[in-house]
Amino acid sequence: MTRSGKRTQGKTTTRTWGKTTIGVLLTAIMLFPVYWMLNVSLTRDQDMRKSPPDLFPVHGTLAGYRTVLDEQLPYLGTSLVIGLGTVALTVALAAPAGYALAKLRPRGGGVLSFLLLTAQMIPGIIMAMGFYAIYLQLGLLQSVPGLIVADSTLAVPFAVLIFTAFMSGIPGELLQAAKTDGAGPWRTFRSIVLPMSRNAVVTVSLFAFLWSWSDFVFASTLVNGGAREPITLGIYHYIGNNNQEWNAIMATAVVASLPAAVILVLAQRYVAAGVTAGAVKD
């Protein structure tokens with residue numbers, strides 16, 4: 001290798017290491033609040049106001065996590081039910097709608113897609129007040145099914161757009177072959193389109209679950225004070241009643257974050273494929 005080639009390679013290596021270092025530093029800065037939440041959750045009450053604070057839980061304790069298991073499990077169970085219900089309802093509504101827009105080309109499909117995009121711009125508090133007025137008449141306030149329906153309204157417009165983009169890339173020859181074999185639109189959707197849309201289903205399910213799991217606006221408006229409340233309200237009530245027990249508060253936040261983090265890690269490759277589907281056409 002010539003001297004100029006070695007200099008070029010050295011500059012490229014230095015530039016790569018520089019970008020890597022900057023990336024690591026930025027990632028550490030963004031994740032520091034998460035680390036501090038974990039650190040505080042393991043800190044004893046008597047060390048909470050120590051100055052300067054310990055960067056590591058020197059005298060760690062699991063008292064906060066024991067409190068979570070004693071007091072917060074019902075909230076976590078309710079959030080899990082709401083999250084799974086929101087996922088099921090979102091996929092059941094959005095998948096057929098995306099198939100219709102992508103392959104059946106109904107009249108007014110473009111207008112419907114625009115309306116779905118516009119629906120995502122409506123502030124959640126406005127929708128929450130609308131649901132409150134409706135549920136007050138229907139007797140659905142402080143009910144888990146009512147909150148599932150409300151949370152689904154956040155996920156369905158996004159889900160329809162994702163399914164439409166993904167299903168647009170399914171070869172038309174497959175659908176034509178199914179039609180030739182006597183399969184109707186519903187049979188074609190159920191037996192061919194939906195199994196091929198696994199990445200989109202996982203992507204939609206993940207985002208629907210995360211939105212319902214982290215929802216506070218709908219929960220505080222529609223089910224606050226009910227017999228079954230999600231974990232966001234559990235944390236809110238706990239902070240109000242125990243504003244000095246920060247290790248228990250942070251332990252609750254850590255436990256509440258774990259399901260979403262685990263699901264995101266497990267589904268990340270499906271999410272990447274589902275989100276980018278339809279971006280590139282042959």
# chains A, B, ... in the order shown; residues from 1 in each chain; ligands from 1
$ residues_around --residues "Val201 (chain A)" --least-positions-apart "4" --cutoff "8 Å" --atoms "only C-alpha atoms" --output "MDAnalysis selection string"
chainID A and resid 91 95 163 197 205 274
$ write_last_selection --atoms "N, CA and C atoms" --output "mmCIF file, in the first residue's frame"
data_model
loop_
_atom_site.group_PDB
_atom_site.id
_atom_site.type_symbol
_atom_site.label_atom_id
_atom_site.label_comp_id
_atom_site.auth_asym_id
_atom_site.auth_seq_id
_atom_site.Cartn_x
_atom_site.Cartn_y
_atom_site.Cartn_z
ATOM 1 N N VAL A 91 -55.692 -4.351 15.553
ATOM 2 C CA VAL A 91 -55.375 -5.223 14.420
ATOM 3 C C VAL A 91 -56.657 -5.672 13.723
ATOM 4 N N ALA A 95 -56.261 -4.010 9.979
ATOM 5 C CA ALA A 95 -55.767 -4.916 8.937
ATOM 6 C C ALA A 95 -56.738 -5.014 7.756
ATOM 7 N N PHE A 163 -50.464 -0.755 7.499
ATOM 8 C CA PHE A 163 -50.959 -1.918 6.750
ATOM 9 C C PHE A 163 -51.121 -1.585 5.264
ATOM 10 N N SER A 197 -48.249 -10.506 5.985
ATOM 11 C CA SER A 197 -48.096 -9.193 6.610
ATOM 12 C C SER A 197 -47.649 -9.305 8.065
ATOM 13 N N SER A 205 -48.941 -3.993 16.404
ATOM 14 C CA SER A 205 -49.207 -4.499 17.754
ATOM 15 C C SER A 205 -48.297 -3.835 18.778
ATOM 16 N N GLY A 274 -41.454 -3.633 9.111
ATOM 17 C CA GLY A 274 -42.827 -3.174 8.950
ATOM 18 C C GLY A 274 -42.923 -1.682 8.679
#
$ closest_residue --among "A:Phe114, A:Phe131, A:Phe209, A:Phe216" --to "Leu101 (chain A)" --atoms "only C-alpha atoms"
A:Phe114
$ residues_around --residues "region 223-228 of chain A" --least-positions-apart "2" --cutoff "12 Å" --atoms "only C-alpha atoms" --output "JSON list (two decimals) with all heavy atoms, in the first residue's frame"
[["chain", "number", "residue", "atom", "x", "y", "z"],
["A", 72, "GLN", "N", -48.62, -2.52, 43.69],
["A", 72, "GLN", "CA", -48.81, -2.09, 42.31],
["A", 72, "GLN", "C", -49.19, -3.20, 41.35],
["A", 72, "GLN", "O", -49.48, -2.93, 40.19],
["A", 72, "GLN", "CB", -47.53, -1.42, 41.81],
["A", 72, "GLN", "CG", -47.13, -0.17, 42.57],
["A", 72, "GLN", "CD", -48.14, 0.95, 42.41],
["A", 72, "GLN", "OE1", -48.66, 1.18, 41.32],
["A", 72, "GLN", "NE2", -48.43, 1.66, 43.48],
["A", 73, "LEU", "N", -49.17, -4.44, 41.78],
["A", 73, "LEU", "CA", -49.49, -5.54, 40.86],
["A", 73, "LEU", "C", -50.88, -5.43, 40.24],
["A", 73, "LEU", "O", -51.05, -5.72, 39.05],
["A", 73, "LEU", "CB", -49.32, -6.89, 41.57],
["A", 73, "LEU", "CG", -47.89, -7.43, 41.68],
["A", 73, "LEU", "CD1", -47.90, -8.80, 42.34],
["A", 73, "LEU", "CD2", -47.23, -7.51, 40.31],
["A", 74, "PRO", "N", -51.93, -5.04, 40.99],
["A", 74, "PRO", "CA", -53.24, -4.89, 40.35],
["A", 74, "PRO", "C", -53.22, -3.87, 39.21],
["A", 74, "PRO", "O", -53.88, -4.08, 38.18],
["A", 74, "PRO", "CB", -54.15, -4.44, 41.50],
["A", 74, "PRO", "CG", -53.48, -4.95, 42.73],
["A", 74, "PRO", "CD", -52.02, -4.85, 42.45],
["A", 75, "TYR", "N", -52.50, -2.77, 39.39],
["A", 75, "TYR", "CA", -52.41, -1.77, 38.33],
["A", 75, "TYR", "C", -51.69, -2.34, 37.11],
["A", 75, "TYR", "O", -52.10, -2.10, 35.97],
["A", 75, "TYR", "CB", -51.66, -0.54, 38.83],
["A", 75, "TYR", "CG", -52.34, 0.21, 39.94],
["A", 75, "TYR", "CD1", -51.93, 0.07, 41.26],
["A", 75, "TYR", "CD2", -53.42, 1.06, 39.69],
["A", 75, "TYR", "CE1", -52.55, 0.76, 42.29],
["A", 75, "TYR", "CE2", -54.04, 1.76, 40.70],
["A", 75, "TYR", "CZ", -53.61, 1.60, 42.01],
["A", 75, "TYR", "OH", -54.23, 2.29, 43.02],
["A", 76, "LEU", "N", -50.62, -3.10, 37.35],
["A", 76, "LEU", "CA", -49.88, -3.70, 36.24],
["A", 76, "LEU", "C", -50.75, -4.71, 35.49],
["A", 76, "LEU", "O", -50.73, -4.77, 34.26],
["A", 76, "LEU", "CB", -48.61, -4.39, 36.76],
["A", 76, "LEU", "CG", -47.50, -3.47, 37.24],
["A", 76, "LEU", "CD1", -46.42, -4.27, 37.98],
["A", 76, "LEU", "CD2", -46.86, -2.73, 36.07],
["A", 77, "GLY", "N", -51.52, -5.50, 36.23],
["A", 77, "GLY", "CA", -52.42, -6.46, 35.59],
["A", 77, "GLY", "C", -53.47, -5.78, 34.74],
["A", 77, "GLY", "O", -53.78, -6.22, 33.63],
["A", 78, "THR", "N", -54.03, -4.67, 35.25],
["A", 78, "THR", "CA", -55.02, -3.93, 34.47],
["A", 78, "THR", "C", -54.42, -3.35, 33.20],
["A", 78, "THR", "O", -55.02, -3.40, 32.12],
["A", 78, "THR", "CB", -55.63, -2.80, 35.32],
["A", 78, "THR", "OG1", -56.23, -3.37, 36.49],
["A", 78, "THR", "CG2", -56.66, -2.02, 34.54],
["A", 79, "SER", "N", -53.20, -2.80, 33.31],
["A", 79, "SER", "CA", -52.53, -2.26, 32.12],
["A", 79, "SER", "C", -52.27, -3.33, 31.09],
["A", 79, "SER", "O", -52.37, -3.09, 29.88],
["A", 79, "SER", "CB", -51.21, -1.58, 32.52],
["A", 79, "SER", "OG", -51.44, -0.33, 33.10],
["A", 80, "LEU", "N", -51.92, -4.54, 31.55],
["A", 80, "LEU", "CA", -51.68, -5.64, 30.63],
["A", 80, "LEU", "C", -52.96, -6.01, 29.88],
["A", 80, "LEU", "O", -52.94, -6.22, 28.65],
["A", 80, "LEU", "CB", -51.13, -6.85, 31.38],
["A", 80, "LEU", "CG", -50.75, -8.06, 30.54],
["A", 80, "LEU", "CD1", -49.65, -7.70, 29.54],
["A", 80, "LEU", "CD2", -50.30, -9.22, 31.42],
["A", 81, "VAL", "N", -54.07, -6.08, 30.60],
["A", 81, "VAL", "CA", -55.36, -6.40, 29.96],
["A", 81, "VAL", "C", -55.73, -5.31, 28.95],
["A", 81, "VAL", "O", -56.15, -5.60, 27.82],
["A", 81, "VAL", "CB", -56.46, -6.55, 31.02],
["A", 81, "VAL", "CG1", -57.83, -6.66, 30.36],
["A", 81, "VAL", "CG2", -56.20, -7.76, 31.89],
["A", 82, "ILE", "N", -55.57, -4.05, 29.33],
["A", 82, "ILE", "CA", -55.89, -2.94, 28.43],
["A", 82, "ILE", "C", -54.99, -2.96, 27.21],
["A", 82, "ILE", "O", -55.44, -2.76, 26.07],
["A", 82, "ILE", "CB", -55.77, -1.60, 29.18],
["A", 82, "ILE", "CG1", -56.83, -1.51, 30.26],
["A", 82, "ILE", "CG2", -55.87, -0.43, 28.21],
["A", 82, "ILE", "CD1", -56.67, -0.32, 31.18],
["A", 128, "ALA", "N", -60.41, 12.91, 24.56],
["A", 128, "ALA", "CA", -60.78, 12.40, 25.88],
["A", 128, "ALA", "C", -62.07, 13.04, 26.37],
["A", 128, "ALA", "O", -62.95, 12.35, 26.93],
["A", 128, "ALA", "CB", -59.65, 12.64, 26.87],
["A", 131, "PHE", "N", -64.95, 11.50, 24.46],
["A", 131, "PHE", "CA", -65.28, 10.18, 24.99],
["A", 131, "PHE", "C", -65.98, 10.27, 26.34],
["A", 131, "PHE", "O", -66.89, 9.48, 26.64],
["A", 131, "PHE", "CB", -64.00, 9.33, 25.13],
["A", 131, "PHE", "CG", -63.62, 8.60, 23.88],
["A", 131, "PHE", "CD1", -62.46, 8.92, 23.21],
["A", 131, "PHE", "CD2", -64.41, 7.59, 23.37],
["A", 131, "PHE", "CE1", -62.10, 8.25, 22.05],
["A", 131, "PHE", "CE2", -64.07, 6.91, 22.22],
["A", 131, "PHE", "CZ", -62.90, 7.25, 21.56],
["A", 132, "TYR", "N", -65.58, 11.24, 27.15],
["A", 132, "TYR", "CA", -66.22, 11.39, 28.47],
["A", 132, "TYR", "C", -67.70, 11.68, 28.32],
["A", 132, "TYR", "O", -68.54, 11.08, 29.02],
["A", 132, "TYR", "CB", -65.53, 12.51, 29.24],
["A", 132, "TYR", "CG", -66.07, 12.68, 30.65],
["A", 132, "TYR", "CD1", -65.54, 11.95, 31.70],
["A", 132, "TYR", "CD2", -67.11, 13.56, 30.92],
["A", 132, "TYR", "CE1", -66.03, 12.09, 32.99],
["A", 132, "TYR", "CE2", -67.62, 13.70, 32.20],
["A", 132, "TYR", "CZ", -67.07, 12.97, 33.23],
["A", 132, "TYR", "OH", -67.57, 13.10, 34.50],
["A", 135, "TYR", "N", -69.36, 8.39, 26.98],
["A", 135, "TYR", "CA", -69.39, 7.32, 27.98],
["A", 135, "TYR", "C", -70.32, 7.66, 29.15],
["A", 135, "TYR", "O", -70.88, 6.76, 29.79],
["A", 135, "TYR", "CB", -67.99, 7.05, 28.50],
["A", 135, "TYR", "CG", -67.10, 6.30, 27.53],
["A", 135, "TYR", "CD1", -67.56, 5.93, 26.28],
["A", 135, "TYR", "CD2", -65.79, 5.96, 27.87],
["A", 135, "TYR", "CE1", -66.76, 5.24, 25.39],
["A", 135, "TYR", "CE2", -64.98, 5.27, 26.99],
["A", 135, "TYR", "CZ", -65.46, 4.92, 25.75],
["A", 135, "TYR", "OH", -64.67, 4.24, 24.87],
["A", 136, "LEU", "N", -70.46, 8.94, 29.44],
["A", 136, "LEU", "CA", -71.37, 9.35, 30.51],
["A", 136, "LEU", "C", -72.81, 8.94, 30.17],
["A", 136, "LEU", "O", -73.57, 8.52, 31.05],
["A", 136, "LEU", "CB", -71.28, 10.86, 30.73],
["A", 136, "LEU", "CG", -72.08, 11.43, 31.90],
["A", 136, "LEU", "CD1", -71.60, 10.85, 33.22],
["A", 136, "LEU", "CD2", -71.97, 12.95, 31.92],
["A", 139, "GLY", "N", -72.87, 4.88, 30.12],
["A", 139, "GLY", "CA", -72.52, 4.17, 31.36],
["A", 139, "GLY", "C", -71.21, 3.41, 31.27],
["A", 139, "GLY", "O", -71.05, 2.39, 31.97],
["A", 140, "LEU", "N", -70.28, 3.88, 30.45],
["A", 140, "LEU", "CA", -69.00, 3.18, 30.27],
["A", 140, "LEU", "C", -67.84, 3.85, 30.98],
["A", 140, "LEU", "O", -66.70, 3.42, 30.83],
["A", 140, "LEU", "CB", -68.66, 3.09, 28.77],
["A", 140, "LEU", "CG", -69.53, 2.14, 27.95],
["A", 140, "LEU", "CD1", -69.16, 2.23, 26.48],
["A", 140, "LEU", "CD2", -69.38, 0.72, 28.46],
["A", 141, "LEU", "N", -68.12, 4.88, 31.77],
["A", 141, "LEU", "CA", -67.04, 5.49, 32.54],
["A", 141, "LEU", "C", -66.51, 4.51, 33.59],
["A", 141, "LEU", "O", -67.25, 3.68, 34.12],
["A", 141, "LEU", "CB", -67.54, 6.76, 33.23],
["A", 141, "LEU", "CG", -67.79, 7.98, 32.34],
["A", 141, "LEU", "CD1", -68.36, 9.13, 33.17],
["A", 141, "LEU", "CD2", -66.50, 8.42, 31.65],
["A", 142, "GLN", "N", -65.21, 4.60, 33.85],
["A", 142, "GLN", "CA", -64.53, 3.75, 34.82],
["A", 142, "GLN", "C", -64.63, 2.27, 34.46],
["A", 142, "GLN", "O", -64.72, 1.39, 35.32],
["A", 142, "GLN", "CB", -65.09, 3.98, 36.24],
["A", 142, "GLN", "CG", -64.90, 5.41, 36.73],
["A", 142, "GLN", "CD", -65.42, 5.63, 38.13],
["A", 142, "GLN", "OE1", -66.14, 4.79, 38.67],
["A", 142, "GLN", "NE2", -65.06, 6.74, 38.74],
["A", 143, "SER", "N", -64.60, 1.99, 33.14],
["A", 143, "SER", "CA", -64.63, 0.60, 32.68],
["A", 143, "SER", "C", -63.43, 0.32, 31.79],
["A", 143, "SER", "O", -62.97, 1.18, 31.05],
["A", 143, "SER", "CB", -65.93, 0.32, 31.90],
["A", 143, "SER", "OG", -65.92, 1.02, 30.66],
["A", 144, "VAL", "N", -62.92, -0.89, 31.90],
["A", 144, "VAL", "CA", -61.77, -1.30, 31.09],
["A", 144, "VAL", "C", -62.12, -1.37, 29.60],
["A", 144, "VAL", "O", -61.35, -0.89, 28.77],
["A", 144, "VAL", "CB", -61.22, -2.66, 31.60],
["A", 144, "VAL", "CG1", -60.19, -3.23, 30.63],
["A", 144, "VAL", "CG2", -60.60, -2.48, 32.98],
["A", 145, "PRO", "N", -63.27, -1.95, 29.20],
["A", 145, "PRO", "CA", -63.61, -1.95, 27.76],
["A", 145, "PRO", "C", -63.69, -0.54, 27.18],
["A", 145, "PRO", "O", -63.27, -0.31, 26.04],
["A", 145, "PRO", "CB", -64.97, -2.65, 27.72],
["A", 145, "PRO", "CG", -64.98, -3.51, 28.93],
["A", 145, "PRO", "CD", -64.25, -2.74, 29.97],
["A", 146, "GLY", "N", -64.21, 0.40, 27.93],
["A", 146, "GLY", "CA", -64.28, 1.77, 27.43],
["A", 146, "GLY", "C", -62.91, 2.36, 27.19],
["A", 146, "GLY", "O", -62.69, 3.05, 26.18],
["A", 147, "LEU", "N", -61.96, 2.08, 28.09],
["A", 147, "LEU", "CA", -60.60, 2.60, 27.90],
["A", 147, "LEU", "C", -59.90, 1.91, 26.73],
["A", 147, "LEU", "O", -59.12, 2.53, 26.02],
["A", 147, "LEU", "CB", -59.80, 2.40, 29.19],
["A", 147, "LEU", "CG", -58.41, 3.05, 29.22],
["A", 147, "LEU", "CD1", -58.50, 4.54, 28.94],
["A", 147, "LEU", "CD2", -57.73, 2.80, 30.56],
["A", 148, "ILE", "N", -60.19, 0.63, 26.51],
["A", 148, "ILE", "CA", -59.62, -0.08, 25.36],
["A", 148, "ILE", "C", -60.07, 0.56, 24.06],
["A", 148, "ILE", "O", -59.27, 0.79, 23.15],
["A", 148, "ILE", "CB", -60.01, -1.57, 25.41],
["A", 148, "ILE", "CG1", -59.28, -2.27, 26.56],
["A", 148, "ILE", "CG2", -59.68, -2.26, 24.09],
["A", 148, "ILE", "CD1", -59.70, -3.71, 26.77],
["A", 150, "ALA", "N", -61.10, 3.65, 23.65],
["A", 150, "ALA", "CA", -60.51, 4.98, 23.55],
["A", 150, "ALA", "C", -59.04, 4.91, 23.12],
["A", 150, "ALA", "O", -58.60, 5.66, 22.25],
["A", 150, "ALA", "CB", -60.64, 5.70, 24.89],
["A", 215, "ASP", "N", -50.50, 5.41, 28.27],
["A", 215, "ASP", "CA", -51.55, 6.43, 28.23],
["A", 215, "ASP", "C", -51.88, 6.95, 29.62],
["A", 215, "ASP", "O", -52.05, 6.17, 30.57],
["A", 215, "ASP", "CB", -52.82, 5.85, 27.60],
["A", 215, "ASP", "CG", -54.02, 6.77, 27.79],
["A", 215, "ASP", "OD1", -53.99, 7.89, 27.25],
["A", 215, "ASP", "OD2", -54.95, 6.36, 28.51],
["A", 216, "PHE", "N", -51.97, 8.25, 29.74],
["A", 216, "PHE", "CA", -52.38, 8.88, 30.99],
["A", 216, "PHE", "C", -53.61, 9.76, 30.80],
["A", 216, "PHE", "O", -54.47, 9.83, 31.68],
["A", 216, "PHE", "CB", -51.23, 9.71, 31.58],
["A", 216, "PHE", "CG", -51.59, 10.40, 32.86],
["A", 216, "PHE", "CD1", -51.63, 9.70, 34.05],
["A", 216, "PHE", "CD2", -51.90, 11.75, 32.88],
["A", 216, "PHE", "CE1", -51.98, 10.33, 35.24],
["A", 216, "PHE", "CE2", -52.25, 12.40, 34.05],
["A", 216, "PHE", "CZ", -52.28, 11.68, 35.24],
["A", 217, "VAL", "N", -53.70, 10.43, 29.65],
["A", 217, "VAL", "CA", -54.80, 11.37, 29.42],
["A", 217, "VAL", "C", -56.14, 10.66, 29.44],
["A", 217, "VAL", "O", -57.07, 11.04, 30.17],
["A", 217, "VAL", "CB", -54.59, 12.12, 28.10],
["A", 217, "VAL", "CG1", -55.80, 13.01, 27.79],
["A", 217, "VAL", "CG2", -53.33, 12.98, 28.15],
["A", 218, "PHE", "N", -56.29, 9.61, 28.63],
["A", 218, "PHE", "CA", -57.55, 8.88, 28.60],
["A", 218, "PHE", "C", -57.82, 8.21, 29.95],
["A", 218, "PHE", "O", -58.96, 8.19, 30.42],
["A", 218, "PHE", "CB", -57.53, 7.82, 27.50],
["A", 218, "PHE", "CG", -57.73, 8.38, 26.12],
["A", 218, "PHE", "CD1", -57.22, 7.73, 25.00],
["A", 218, "PHE", "CD2", -58.43, 9.55, 25.92],
["A", 218, "PHE", "CE1", -57.41, 8.24, 23.73],
["A", 218, "PHE", "CE2", -58.63, 10.08, 24.66],
["A", 218, "PHE", "CZ", -58.12, 9.42, 23.56],
["A", 219, "ALA", "N", -56.77, 7.64, 30.55],
["A", 219, "ALA", "CA", -56.95, 6.92, 31.81],
["A", 219, "ALA", "C", -57.43, 7.86, 32.92],
["A", 219, "ALA", "O", -58.37, 7.55, 33.66],
["A", 219, "ALA", "CB", -55.65, 6.25, 32.22],
["A", 220, "SER", "N", -56.80, 9.03, 33.03],
["A", 220, "SER", "CA", -57.18, 9.97, 34.10],
["A", 220, "SER", "C", -58.55, 10.58, 33.85],
["A", 220, "SER", "O", -59.21, 11.01, 34.80],
["A", 220, "SER", "CB", -56.13, 11.08, 34.22],
["A", 220, "SER", "OG", -56.03, 11.81, 33.01],
["A", 221, "THR", "N", -58.99, 10.63, 32.60],
["A", 221, "THR", "CA", -60.28, 11.22, 32.28],
["A", 221, "THR", "C", -61.41, 10.20, 32.38],
["A", 221, "THR", "O", -62.51, 10.53, 32.85],
["A", 221, "THR", "CB", -60.27, 11.81, 30.86],
["A", 221, "THR", "OG1", -59.20, 12.75, 30.74],
["A", 221, "THR", "CG2", -61.58, 12.52, 30.54],
["A", 230, "PRO", "N", -55.08, 1.63, 35.35],
["A", 230, "PRO", "CA", -53.79, 1.20, 34.78],
["A", 230, "PRO", "C", -52.62, 1.71, 35.60],
["A", 230, "PRO", "O", -52.77, 2.51, 36.53],
["A", 230, "PRO", "CB", -53.81, 1.84, 33.38],
["A", 230, "PRO", "CG", -54.69, 3.03, 33.53],
["A", 230, "PRO", "CD", -55.74, 2.64, 34.53],
["A", 231, "ILE", "N", -51.43, 1.27, 35.23],
["A", 231, "ILE", "CA", -50.24, 1.56, 36.01],
["A", 231, "ILE", "C", -49.88, 3.04, 35.98],
["A", 231, "ILE", "O", -49.29, 3.56, 36.93],
["A", 231, "ILE", "CB", -49.04, 0.71, 35.51],
["A", 231, "ILE", "CG1", -47.83, 0.86, 36.43],
["A", 231, "ILE", "CG2", -48.69, 1.07, 34.08],
["A", 231, "ILE", "CD1", -48.08, 0.42, 37.85],
["A", 232, "THR", "N", -50.24, 3.77, 34.92],
["A", 232, "THR", "CA", -49.95, 5.20, 34.90],
["A", 232, "THR", "C", -50.68, 5.92, 36.04],
["A", 232, "THR", "O", -50.11, 6.82, 36.67],
["A", 232, "THR", "CB", -50.36, 5.80, 33.55],
["A", 232, "THR", "OG1", -51.70, 5.38, 33.22],
["A", 232, "THR", "CG2", -49.41, 5.36, 32.44],
["A", 233, "LEU", "N", -51.91, 5.53, 36.30],
["A", 233, "LEU", "CA", -52.63, 6.11, 37.43],
["A", 233, "LEU", "C", -52.09, 5.58, 38.75],
["A", 233, "LEU", "O", -52.11, 6.29, 39.76],
["A", 233, "LEU", "CB", -54.12, 5.82, 37.32],
["A", 233, "LEU", "CG", -54.88, 6.54, 36.21],
["A", 233, "LEU", "CD1", -56.37, 6.24, 36.28],
["A", 233, "LEU", "CD2", -54.66, 8.04, 36.28],
["A", 234, "GLY", "N", -51.62, 4.33, 38.75],
["A", 234, "GLY", "CA", -51.02, 3.79, 39.96],
["A", 234, "GLY", "C", -49.80, 4.59, 40.38],
["A", 234, "GLY", "O", -49.63, 4.92, 41.57],
["A", 236, "TYR", "N", -49.20, 7.70, 39.50],
["A", 236, "TYR", "CA", -49.68, 9.05, 39.83],
["A", 236, "TYR", "C", -50.22, 9.10, 41.26],
["A", 236, "TYR", "O", -49.89, 10.01, 42.02],
["A", 236, "TYR", "CB", -50.76, 9.44, 38.82],
["A", 236, "TYR", "CG", -51.40, 10.78, 39.09],
["A", 236, "TYR", "CD1", -50.70, 11.96, 38.89],
["A", 236, "TYR", "CD2", -52.72, 10.85, 39.53],
["A", 236, "TYR", "CE1", -51.30, 13.19, 39.12],
["A", 236, "TYR", "CE2", -53.33, 12.08, 39.76],
["A", 236, "TYR", "CZ", -52.62, 13.24, 39.56],
["A", 236, "TYR", "OH", -53.20, 14.45, 39.80],
["A", 237, "HIS", "N", -51.04, 8.14, 41.62],
["A", 237, "HIS", "CA", -51.58, 8.11, 42.98],
["A", 237, "HIS", "C", -50.47, 7.88, 44.00],
["A", 237, "HIS", "O", -50.49, 8.46, 45.09],
["A", 237, "HIS", "CB", -52.64, 7.01, 43.12],
["A", 237, "HIS", "CG", -53.85, 7.24, 42.27],
["A", 237, "HIS", "ND1", -54.35, 8.49, 42.01],
["A", 237, "HIS", "CD2", -54.68, 6.36, 41.63],
["A", 237, "HIS", "CE1", -55.42, 8.39, 41.25],
["A", 237, "HIS", "NE2", -55.64, 7.12, 41.01]]
$ closest_residue --among "A:Leu31, A:Leu174, A:Leu138, A:Ala102" --to "Leu161 (chain A)" --atoms "only C-alpha atoms"
A:Ala102
$ closest_residue --among "A:Ala97, A:Asn39, A:Asp47, A:Ile122" --to "Trp186 (chain A)" --atoms "only C-alpha atoms"
A:Ala97
